[in-house]
>>> print(open('final.pdb').read())   # PDB, C-alpha atoms, pLDDT in the B column
ATOM      1  CA  MET D   1      83.692  75.273 104.673  1.00 91.00           C
ATOM      2  CA  ASN D   2      80.779  77.458 105.737  1.00 94.00           C
ATOM      3  CA  ASP D   3      79.302  80.707 104.412  1.00 94.00           C
ATOM      4  CA  PRO D   4      81.454  83.173 106.430  1.00 94.00           C
ATOM      5  CA  GLU D   5      84.623  81.291 105.497  1.00 96.00           C
ATOM      6  CA  ILE D   6      83.743  81.369 101.797  1.00 97.00           C
ATOM      7  CA  ARG D   7      82.891  85.089 101.942  1.00 96.00           C
ATOM      8  CA  ALA D   8      86.262  85.794 103.541  1.00 95.00           C
ATOM      9  CA  LEU D   9      87.939  84.164 100.536  1.00 97.00           C
ATOM     10  CA  LEU D  10      85.730  85.949  97.987  1.00 97.00           C
ATOM     11  CA  TYR D  11      85.732  89.559  99.192  1.00 96.00           C
ATOM     12  CA  PRO D  12      89.442  90.279  98.512  1.00 96.00           C
ATOM     13  CA  LEU D  13      88.963  89.177  94.892  1.00 95.00           C
ATOM     14  CA  LEU D  14      86.243  91.759  94.174  1.00 96.00           C
ATOM     15  CA  GLN D  15      88.327  94.624  92.864  1.00 92.00           C
ATOM     16  CA  GLY D  16      86.781  97.956  91.850  1.00 92.00           C
ATOM     17  CA  GLY D  17      83.230  99.125  92.417  1.00 93.00           C
ATOM     18  CA  VAL D  18      81.347  97.822  95.436  1.00 94.00           C
ATOM     19  CA  TYR D  19      79.925  94.537  96.604  1.00 94.00           C
ATOM     20  CA  VAL D  20      76.541  94.036  98.236  1.00 94.00           C
ATOM     21  CA  ASP D  21      75.527  91.162 100.494  1.00 95.00           C
ATOM     22  CA  GLU D  22      72.068  89.588 100.258  1.00 94.00           C
ATOM     23  CA  LEU D  23      70.730  91.760  97.439  1.00 95.00           C
ATOM     24  CA  PRO D  24      67.015  91.029  96.739  1.00 95.00           C
ATOM     25  CA  THR D  25      66.852  89.627  93.215  1.00 97.00           C
ATOM     26  CA  GLY D  26      63.485  88.554  91.859  1.00 94.00           C
ATOM     27  CA  THR D  27      61.983  86.094  94.335  1.00 95.00           C
ATOM     28  CA  THR D  28      65.290  85.339  96.034  1.00 96.00           C
ATOM     29  CA  ARG D  29      68.435  87.052  97.350  1.00 96.00           C
ATOM     30  CA  ALA D  30      71.877  86.903  95.804  1.00 97.00           C
ATOM     31  CA  ASP D  31      74.513  86.118  98.421  1.00 97.00           C
ATOM     32  CA  VAL D  32      77.029  88.638  97.038  1.00 97.00           C
ATOM     33  CA  VAL D  33      76.784  90.991  94.052  1.00 97.00           C
ATOM     34  CA  HIS D  34      79.880  92.760  92.724  1.00 97.00           C
ATOM     35  CA  ILE D  35      78.839  96.017  91.038  1.00 97.00           C
ATOM     36  CA  THR D  36      81.031  98.243  88.870  1.00 96.00           C
ATOM     37  CA  GLU D  37      80.296 100.867  86.207  1.00 94.00           C
ATOM     38  CA  GLN D  38      80.604  98.130  83.557  1.00 96.00           C
ATOM     39  CA  PHE D  39      78.869  95.054  85.001  1.00 97.00           C
ATOM     40  CA  MET D  40      77.034  93.288  87.809  1.00 98.00           C
ATOM     41  CA  HIS D  41      78.321  89.869  88.872  1.00 98.00           C
ATOM     42  CA  GLY D  42      76.099  87.757  91.123  1.00 98.00           C
ATOM     43  CA  TYR D  43      77.614  85.097  93.390  1.00 98.00           C
ATOM     44  CA  GLU D  44      75.747  82.235  95.052  1.00 98.00           C
ATOM     45  CA  LEU D  45      77.545  80.433  97.892  1.00 98.00           C
ATOM     46  CA  LYS D  46      76.995  76.778  98.799  1.00 97.00           C
ATOM     47  CA  GLY D  47      78.940  75.557 101.816  1.00 95.00           C
ATOM     48  CA  ASP D  48      79.232  72.009 103.110  1.00 94.00           C
ATOM     49  CA  ALA D  49      76.052  72.276 105.181  1.00 93.00           C
ATOM     50  CA  ASP D  50      73.962  73.769 102.343  1.00 95.00           C
ATOM     51  CA  THR D  51      71.758  71.898  99.887  1.00 94.00           C
ATOM     52  CA  LEU D  52      71.127  72.529  96.190  1.00 95.00           C
ATOM     53  CA  GLN D  53      67.346  72.544  96.526  1.00 95.00           C
ATOM     54  CA  ARG D  54      66.960  76.261  95.747  1.00 95.00           C
ATOM     55  CA  VAL D  55      69.214  76.360  92.683  1.00 97.00           C
ATOM     56  CA  ALA D  56      66.305  75.840  90.279  1.00 95.00           C
ATOM     57  CA  ARG D  57      64.604  78.946  91.721  1.00 95.00           C
ATOM     58  CA  GLN D  58      67.729  81.053  92.164  1.00 97.00           C
ATOM     59  CA  LEU D  59      69.253  80.574  88.736  1.00 97.00           C
ATOM     60  CA  PRO D  60      66.429  82.156  86.659  1.00 96.00           C
ATOM     61  CA  CYS D  61      66.420  85.206  88.953  1.00 97.00           C
ATOM     62  CA  TYR D  62      70.169  85.698  88.588  1.00 98.00           C
ATOM     63  CA  SER D  63      70.100  84.961  84.851  1.00 97.00           C
ATOM     64  CA  GLN D  64      67.610  87.747  84.228  1.00 98.00           C
ATOM     65  CA  ALA D  65      69.430  90.368  86.331  1.00 98.00           C
ATOM     66  CA  TYR D  66      73.226  89.934  86.218  1.00 98.00           C
ATOM     67  CA  ASP D  67      75.831  90.210  83.475  1.00 98.00           C
ATOM     68  CA  PHE D  68      77.845  87.416  85.077  1.00 98.00           C
ATOM     69  CA  VAL D  69      76.872  84.686  87.533  1.00 98.00           C
ATOM     70  CA  THR D  70      79.178  82.434  89.551  1.00 98.00           C
ATOM     71  CA  PHE D  71      78.408  79.653  92.003  1.00 98.00           C
ATOM     72  CA  ILE D  72      80.995  79.148  94.737  1.00 98.00           C
ATOM     73  CA  ILE D  73      80.683  75.656  96.152  1.00 97.00           C
ATOM     74  CA  THR D  74      82.597  73.042  98.078  1.00 96.00           C
ATOM     75  CA  GLU D  75      83.849  69.887  96.392  1.00 96.00           C
ATOM     76  CA  LYS D  76      80.931  67.806  97.698  1.00 95.00           C
ATOM     77  CA  HIS D  77      78.457  69.757  95.522  1.00 97.00           C
ATOM     78  CA  LEU D  78      80.424  69.829  92.266  1.00 96.00           C
ATOM     79  CA  ALA D  79      79.199  66.674  90.519  1.00 96.00           C
ATOM     80  CA  LYS D  80      75.551  67.283  91.380  1.00 96.00           C
ATOM     81  CA  LEU D  81      75.513  71.021  90.590  1.00 97.00           C
ATOM     82  CA  LEU D  82      77.243  71.111  87.189  1.00 96.00           C
ATOM     83  CA  PRO D  83      74.398  69.468  85.226  1.00 96.00           C
ATOM     84  CA  GLN D  84      72.010  72.135  86.561  1.00 95.00           C
ATOM     85  CA  LEU D  85      74.022  75.111  85.303  1.00 97.00           C
ATOM     86  CA  PRO D  86      74.226  76.662  81.822  1.00 96.00           C
ATOM     87  CA  GLU D  87      77.767  76.694  80.417  1.00 96.00           C
ATOM     88  CA  TRP D  88      78.073  80.456  80.847  1.00 98.00           C
ATOM     89  CA  VAL D  89      77.678  80.248  84.642  1.00 98.00           C
ATOM     90  CA  GLY D  90      81.047  80.269  86.407  1.00 98.00           C
ATOM     91  CA  VAL D  91      82.040  77.799  89.122  1.00 98.00           C
ATOM     92  CA  LEU D  92      84.590  78.264  91.905  1.00 98.00           C
ATOM     93  CA  VAL D  93      85.424  75.476  94.351  1.00 98.00           C
ATOM     94  CA  ALA D  94      86.105  76.600  97.924  1.00 97.00           C
ATOM     95  CA  SER D  95      88.515  74.862 100.276  1.00 95.00           C
ATOM     96  CA  PRO D  96      90.690  75.971 103.204  1.00 93.00           C
ATOM     97  CA  ALA D  97      93.460  76.536 100.632  1.00 93.00           C
ATOM     98  CA  GLY D  98      91.381  79.130  98.747  1.00 95.00           C
ATOM     99  CA  LEU D  99      89.060  79.393  95.745  1.00 97.00           C
ATOM    100  CA  LEU D 100      89.915  77.151  92.800  1.00 97.00           C
ATOM    101  CA  LEU D 101      88.545  78.140  89.392  1.00 97.00           C
ATOM    102  CA  HIS D 102      86.635  75.239  87.859  1.00 97.00           C
ATOM    103  CA  ARG D 103      85.342  77.361  84.970  1.00 97.00           C
ATOM    104  CA  PRO D 104      85.050  81.135  84.434  1.00 98.00           C
ATOM    105  CA  ALA D 105      81.804  83.030  84.179  1.00 98.00           C
ATOM    106  CA  LEU D 106      80.983  84.082  80.612  1.00 98.00           C
ATOM    107  CA  TYR D 107      78.867  87.040  79.557  1.00 97.00           C
ATOM    108  CA  ASN D 108      75.168  86.419  80.123  1.00 97.00           C
ATOM    109  CA  ALA D 109      72.996  87.251  77.100  1.00 95.00           C
ATOM    110  CA  THR D 110      69.670  86.561  78.856  1.00 95.00           C
ATOM    111  CA  VAL D 111      69.402  89.725  81.003  1.00 97.00           C
ATOM    112  CA  GLU D 112      65.929  91.325  80.997  1.00 97.00           C
ATOM    113  CA  ARG D 113      64.916  94.921  81.708  1.00 97.00           C
ATOM    114  CA  PRO D 114      62.255  94.212  84.383  1.00 97.00           C
ATOM    115  CA  ALA D 115      64.665  92.086  86.422  1.00 97.00           C
ATOM    116  CA  VAL D 116      67.406  94.720  86.255  1.00 98.00           C
ATOM    117  CA  ALA D 117      65.015  97.526  87.187  1.00 97.00           C
ATOM    118  CA  GLY D 118      63.614  95.334  89.976  1.00 96.00           C
ATOM    119  CA  LEU D 119      66.913  95.670  91.837  1.00 97.00           C
ATOM    120  CA  LEU D 120      65.930  99.265  92.634  1.00 95.00           C
ATOM    121  CA  ARG D 121      63.263 100.891  94.753  1.00 93.00           C
ATOM    122  CA  VAL D 122      60.137 101.841  92.832  1.00 93.00           C
ATOM    123  CA  GLU D 123      60.732 105.571  93.307  1.00 93.00           C
ATOM    124  CA  GLU D 124      64.169 105.200  91.698  1.00 94.00           C
ATOM    125  CA  ILE D 125      62.677 103.456  88.674  1.00 94.00           C
ATOM    126  CA  ARG D 126      60.083 106.217  88.349  1.00 93.00           C
ATOM    127  CA  GLN D 127      62.842 108.831  88.561  1.00 92.00           C
ATOM    128  CA  TYR D 128      64.697 107.162  85.704  1.00 94.00           C
ATOM    129  CA  LEU D 129      61.642 106.860  83.458  1.00 94.00           C
ATOM    130  CA  LEU D 130      60.512 110.434  84.128  1.00 92.00           C
ATOM    131  CA  ALA D 131      63.990 111.663  83.185  1.00 92.00           C
ATOM    132  CA  ARG D 132      63.530 109.884  79.855  1.00 90.00           C
ATOM    133  CA  GLY D 133      60.371 111.877  79.173  1.00 90.00           C
ATOM    134  CA  LEU D 134      57.831 109.206  80.129  1.00 86.00           C
ATOM    135  CA  PRO D 135      55.551 111.141  82.527  1.00 78.00           C
ATOM    136  CA  GLY D 136      52.745 108.575  82.442  1.00 82.00           C
ATOM    137  CA  VAL D 137      54.712 106.268  84.755  1.00 84.00           C
ATOM    138  CA  SER D 138      54.580 108.599  87.759  1.00 81.00           C
ATOM    139  CA  THR D 139      51.355 107.057  89.054  1.00 85.00           C
ATOM    140  CA  LEU D 140      52.043 103.436  88.127  1.00 89.00           C
ATOM    141  CA  ARG D 141      52.626 100.766  90.753  1.00 92.00           C
ATOM    142  CA  ARG D 142      55.792  98.681  90.786  1.00 92.00           C
ATOM    143  CA  ARG D 143      54.177  95.721  89.021  1.00 93.00           C
ATOM    144  CA  ASP D 144      52.809  97.951  86.259  1.00 94.00           C
ATOM    145  CA  ILE D 145      56.177  99.656  85.746  1.00 94.00           C
ATOM    146  CA  LEU D 146      57.950  96.318  85.376  1.00 94.00           C
ATOM    147  CA  ASN D 147      55.309  95.154  82.898  1.00 94.00           C
ATOM    148  CA  PHE D 148      55.858  98.362  80.934  1.00 93.00           C
ATOM    149  CA  LEU D 149      59.605  97.715  80.817  1.00 94.00           C
ATOM    150  CA  ARG D 150      58.967  94.178  79.593  1.00 94.00           C
ATOM    151  CA  THR D 151      57.271  95.380  76.418  1.00 92.00           C
ATOM    152  CA  THR D 152      58.501  98.911  75.671  1.00 90.00           C
ATOM    153  CA  LYS D 153      61.108  99.711  73.029  1.00 89.00           C
ATOM    154  CA  LEU D 154      61.641 103.195  74.454  1.00 91.00           C
ATOM    155  CA  VAL D 155      64.124 102.071  77.137  1.00 94.00           C
ATOM    156  CA  PRO D 156      67.409 100.513  75.956  1.00 95.00           C
ATOM    157  CA  LEU D 157      68.657  97.754  78.261  1.00 96.00           C
ATOM    158  CA  SER D 158      72.201  99.147  78.232  1.00 96.00           C
ATOM    159  CA  ASP D 159      71.054 102.579  79.419  1.00 96.00           C
ATOM    160  CA  LEU D 160      68.772 101.137  82.105  1.00 97.00           C
ATOM    161  CA  ALA D 161      71.495  98.795  83.371  1.00 97.00           C
ATOM    162  CA  HIS D 162      73.968 101.669  83.598  1.00 97.00           C
ATOM    163  CA  PHE D 163      71.491 103.689  85.677  1.00 97.00           C
ATOM    164  CA  VAL D 164      70.809 100.727  87.987  1.00 97.00           C
ATOM    165  CA  ARG D 165      74.520 100.102  88.541  1.00 96.00           C
ATOM    166  CA  ARG D 166      75.105 103.763  89.361  1.00 95.00           C
ATOM    167  CA  GLN D 167      72.203 103.834  91.812  1.00 94.00           C
ATOM    168  CA  LEU D 168      73.307 100.672  93.611  1.00 94.00           C
ATOM    169  CA  MET D 169      76.887 101.888  93.840  1.00 93.00           C
ATOM    170  CA  GLY D 170      75.674 105.220  95.199  1.00 90.00           C
ATOM    171  CA  ARG D 171      74.030 103.473  98.136  1.00 81.00           C
ATOM    172  CA  MET D 172      77.366 102.380  99.599  1.00 72.00           C
ATOM    173  CA  ASP D 173      77.642 105.435 101.873  1.00 63.00           C
ATOM    174  CA  GLU D 174      74.134 104.684 103.135  1.00 66.00           C
ATOM    175  CA  ARG D 175      75.035 101.048 103.782  1.00 62.00           C
ATOM    176  CA  LEU D 176      78.269 101.946 105.583  1.00 61.00           C
ATOM    177  CA  LEU D 177      76.374 104.372 107.830  1.00 63.00           C
ATOM    178  CA  MET D 178      73.782 101.691 108.660  1.00 65.00           C
ATOM    179  CA  ARG D 179      76.526  99.162 109.419  1.00 61.00           C
ATOM    180  CA  ALA D 180      78.256 101.668 111.712  1.00 64.00           C
ATOM    181  CA  GLU D 181      74.976 102.402 113.508  1.00 69.00           C
ATOM    182  CA  ARG D 182      74.253  98.682 113.997  1.00 73.00           C
ATOM    183  CA  LYS D 183      77.784  98.107 115.278  1.00 73.00           C
ATOM    184  CA  ALA D 184      77.493 100.998 117.722  1.00 76.00           C
ATOM    185  CA  GLU D 185      74.161  99.633 118.976  1.00 78.00           C
ATOM    186  CA  ARG D 186      75.637  96.144 119.482  1.00 79.00           C
ATOM    187  CA  GLU D 187      78.534  97.624 121.433  1.00 78.00           C
ATOM    188  CA  ARG D 188      76.143  99.712 123.561  1.00 81.00           C
ATOM    189  CA  LEU D 189      74.038  96.659 124.392  1.00 82.00           C
ATOM    190  CA  ALA D 190      77.172  94.684 125.244  1.00 81.00           C
ATOM    191  CA  ARG D 191      78.259  97.411 127.681  1.00 82.00           C
ATOM    192  CA  VAL D 192      74.810  97.425 129.284  1.00 83.00           C
ATOM    193  CA  ARG D 193      74.900  93.650 129.741  1.00 81.00           C
ATOM    194  CA  ARG D 194      78.348  93.823 131.319  1.00 79.00           C
ATOM    195  CA  LYS D 195      77.184  96.463 133.809  1.00 75.00           C
ATOM    196  CA  LYS D 196      74.197  94.424 135.027  1.00 66.00           C
ATOM    197  CA  PRO D 197      74.984  93.003 138.457  1.00 62.00           C
ATOM    198  CA  GLY D 198      74.979  89.238 138.725  1.00 55.00           C
ATOM    199  CA  LYS D 199      72.664  87.386 141.059  1.00 51.00           C
ATOM    200  CA  ARG D 200      73.766  87.604 144.689  1.00 51.00           C
ATOM    201  CA  GLN D 201      75.001  84.372 146.061  1.00 49.00           C
ATOM    202  CA  ARG D 202      73.201  83.004 149.100  1.00 49.00           C
ATOM    203  CA  ARG D 203      75.170  83.094 152.294  1.00 45.00           C
TER     204      ARG D 203
END
>>> encode(input="final.pdb", output="structure tokens")
Amino acid sequence: MNDPEIRALLYPLLQGGVYVDELPTGTTRADVVHITEQFMHGYELKGDADTLQRVARQLPCYSQAYDFVTFIITEKHLAKLLPQLPEWVGVLVASPAGLLLHRPALYNATVERPAVAGLLRVEEIRQYLLARGLPGVSTLRRRDILNFLRTTKLVPLSDLAHFVRRQLMGRMDERLLMRAERKAERERLARVRRKKPGKRQRR
């Protein structure tokens, strides 16, 4: 099983909201994030050809940002991966027959405000904080804003997370437009390549 094959099994299961591929999360990227009004669920995919070398770096990033986290792996990774994961992290095993639930994802109680806010662009974070009557943030850089969120008691995590989910969901139209533009460009280039005359054969 490879990454595209696992994604094809996962996408139909993500009901409601939107899902985002390769969402920057801390110092890494989450393979797939399912976002609804109520939660964000990060998925990390490990196919047969993948290694587990990055798990130690990926897991803290996901733990700080997402309400639920699930690793989708092939059978070859199961024994080695399980000892590296907290019990609340879900595990699905991928095979040609489908996705088999090894254990469900439980609610993550280690989410942090800077990591959640870090899923957005800096201007979106500023917009949120200004709307809460915190005008001093308008000139702060991204790093300073995230440090502020780490220590302040003026911004409830639940309210911030709700805003972040709404913003990320609202980008779907933008993403669909970009996908359509990229597809149209690929098709245009393919037509151009087909029209190019081949090399003349020597007589």
>>> atom_distance(input="final.pdb", atom1="CA of Pro104 (chain D)", atom2="CA of Gly118 (chain D)")
26.3 Å
>>> closest_residue(input="final.pdb", among="D:Leu85, D:Ala184, D:Val111, D:Val155", to="Met40 (chain D)", atoms="only C-alpha atoms")
D:Val111
>>> closest_atom_pairs(input="final.pdb", of="region 53-130 of chain D", to="region 9-29 of chain D", cutoff="8 Å", atoms="only C-alpha atoms", output="tab-separated table")
residue	atom	partner	partner_atom	distance
D:Arg57	CA	D:Thr28	CA	7.7
D:Gln58	CA	D:Thr28	CA	6.3
D:Cys61	CA	D:Gly26	CA	5.3
D:Tyr62	CA	D:Thr25	CA	6.9
D:Ala65	CA	D:Thr25	CA	7.4
D:Gly98	CA	D:Leu9	CA	6.4
D:Leu99	CA	D:Leu9	CA	6.9
D:Ala115	CA	D:Gly26	CA	6.6
D:Gly118	CA	D:Gly26	CA	7.0
D:Leu119	CA	D:Thr25	CA	6.2
>>> closest_residue(input="final.pdb", among="D:Lys80, D:Gln167, D:Thr152, D:Met1", to="Glu123 (chain D)", atoms="all atoms listed in the file")
D:Gln167
>>> resolve_selection(input="final.pdb", expression="the PyMOL selection byres ((chain D and resi 169) around 10)", output="mmCIF file with C-alpha atoms, in the coordinates of the input")
data_model
loop_
_atom_site.group_PDB
_atom_site.id
_atom_site.type_symbol
_atom_site.label_atom_id
_atom_site.label_comp_id
_atom_site.auth_asym_id
_atom_site.auth_seq_id
_atom_site.Cartn_x
_atom_site.Cartn_y
_atom_site.Cartn_z
ATOM 1 C CA GLY D 17 83.230 99.125 92.417
ATOM 2 C CA VAL D 18 81.347 97.822 95.436
ATOM 3 C CA TYR D 19 79.925 94.537 96.604
ATOM 4 C CA VAL D 20 76.541 94.036 98.236
ATOM 5 C CA HIS D 34 79.880 92.760 92.724
ATOM 6 C CA ILE D 35 78.839 96.017 91.038
ATOM 7 C CA THR D 36 81.031 98.243 88.870
ATOM 8 C CA GLU D 37 80.296 100.867 86.207
ATOM 9 C CA PHE D 163 71.491 103.689 85.677
ATOM 10 C CA VAL D 164 70.809 100.727 87.987
ATOM 11 C CA ARG D 165 74.520 100.102 88.541
ATOM 12 C CA ARG D 166 75.105 103.763 89.361
ATOM 13 C CA GLN D 167 72.203 103.834 91.812
ATOM 14 C CA LEU D 168 73.307 100.672 93.611
ATOM 15 C CA GLY D 170 75.674 105.220 95.199
ATOM 16 C CA ARG D 171 74.030 103.473 98.136
ATOM 17 C CA MET D 172 77.366 102.380 99.599
ATOM 18 C CA ASP D 173 77.642 105.435 101.873
#
>>> closest_residue(input="final.pdb", among="D:Pro86, D:Gly47, D:Pro135, D:Pro4", to="Leu59 (chain D)", atoms="all atoms listed in the file")
D:Pro86
>>> residues_around(input="final.pdb", residues="region 87-95 of chain D", least_positions_apart="6", cutoff="6 Å", atoms="only C-alpha atoms", output="PyMOL selection string")
chain D and resi 69-74+101-106
>>> closest_residue(input="final.pdb", among="D:Lys183, D:Lys76, D:Arg126, D:Arg113", to="Ser138 (chain D)", atoms="only C-alpha atoms")
D:Arg126
>>> atom_distance(input="final.pdb", atom1="CA of Leu140 (chain D)", atom2="CA of Ser63 (chain D)")
26.0 Å
>>> closest_residue(input="final.pdb", among="D:Glu44, D:Glu75, D:Asp50, D:Glu187", to="Asn2 (chain D)", atoms="only C-alpha atoms")
D:Asp50
>>> closest_residue(input="final.pdb", among="D:Leu149, D:His41, D:Ala117, D:Ile6", to="Leu100 (chain D)", atoms="all atoms listed in the file")
D:Ile6
>>> atom_distance(input="final.pdb", atom1="CA of Asn108 (chain D)", atom2="CA of Tyr43 (chain D)")
13.6 Å
>>> build_atoms(input="final.pdb", residues="region 122-139 of chain D", atoms="N, CA and C atoms", output="CSV table (one decimal), in the frame of the given file")
chain,number,residue,atom,x,y,z
D,122,VAL,N,61.1,101.4,93.9
D,122,VAL,CA,60.1,101.8,92.8
D,122,VAL,C,60.3,103.3,92.5
D,123,GLU,N,60.6,104.1,93.6
D,123,GLU,CA,60.7,105.6,93.3
D,123,GLU,C,62.0,105.9,92.4
D,124,GLU,N,63.0,105.0,92.5
D,124,GLU,CA,64.2,105.2,91.7
D,124,GLU,C,63.9,104.9,90.2
D,125,ILE,N,63.1,103.8,90.0
D,125,ILE,CA,62.7,103.5,88.7
D,125,ILE,C,61.8,104.6,88.1
D,126,ARG,N,60.9,105.1,88.8
D,126,ARG,CA,60.1,106.2,88.3
D,126,ARG,C,61.0,107.4,88.0
D,127,GLN,N,61.9,107.7,88.8
D,127,GLN,CA,62.8,108.8,88.6
D,127,GLN,C,63.5,108.6,87.2
D,128,TYR,N,64.0,107.4,87.0
D,128,TYR,CA,64.7,107.2,85.7
D,128,TYR,C,63.8,107.3,84.5
D,129,LEU,N,62.6,106.8,84.6
D,129,LEU,CA,61.6,106.9,83.5
D,129,LEU,C,61.1,108.3,83.2
D,130,LEU,N,60.9,109.0,84.3
D,130,LEU,CA,60.5,110.4,84.1
D,130,LEU,C,61.6,111.2,83.5
D,131,ALA,N,62.9,111.0,83.8
D,131,ALA,CA,64.0,111.7,83.2
D,131,ALA,C,64.1,111.4,81.7
D,132,ARG,N,63.5,110.2,81.3
D,132,ARG,CA,63.5,109.9,79.9
D,132,ARG,C,62.3,110.4,79.1
D,133,GLY,N,61.5,111.3,79.8
D,133,GLY,CA,60.4,111.9,79.2
D,133,GLY,C,59.2,111.0,79.1
D,134,LEU,N,59.0,110.1,80.1
D,134,LEU,CA,57.8,109.2,80.1
D,134,LEU,C,57.0,109.5,81.4
D,135,PRO,N,56.3,110.7,81.3
D,135,PRO,CA,55.6,111.1,82.5
D,135,PRO,C,54.4,110.2,83.0
D,136,GLY,N,53.9,109.4,82.1
D,136,GLY,CA,52.7,108.6,82.4
D,136,GLY,C,53.0,107.5,83.5
D,137,VAL,N,54.3,107.3,83.8
D,137,VAL,CA,54.7,106.3,84.8
D,137,VAL,C,54.6,106.8,86.2
D,138,SER,N,54.5,108.1,86.4
D,138,SER,CA,54.6,108.6,87.8
D,138,SER,C,53.5,108.1,88.7
D,139,THR,N,52.4,107.6,88.2
D,139,THR,CA,51.4,107.1,89.1
D,139,THR,C,51.2,105.5,89.0
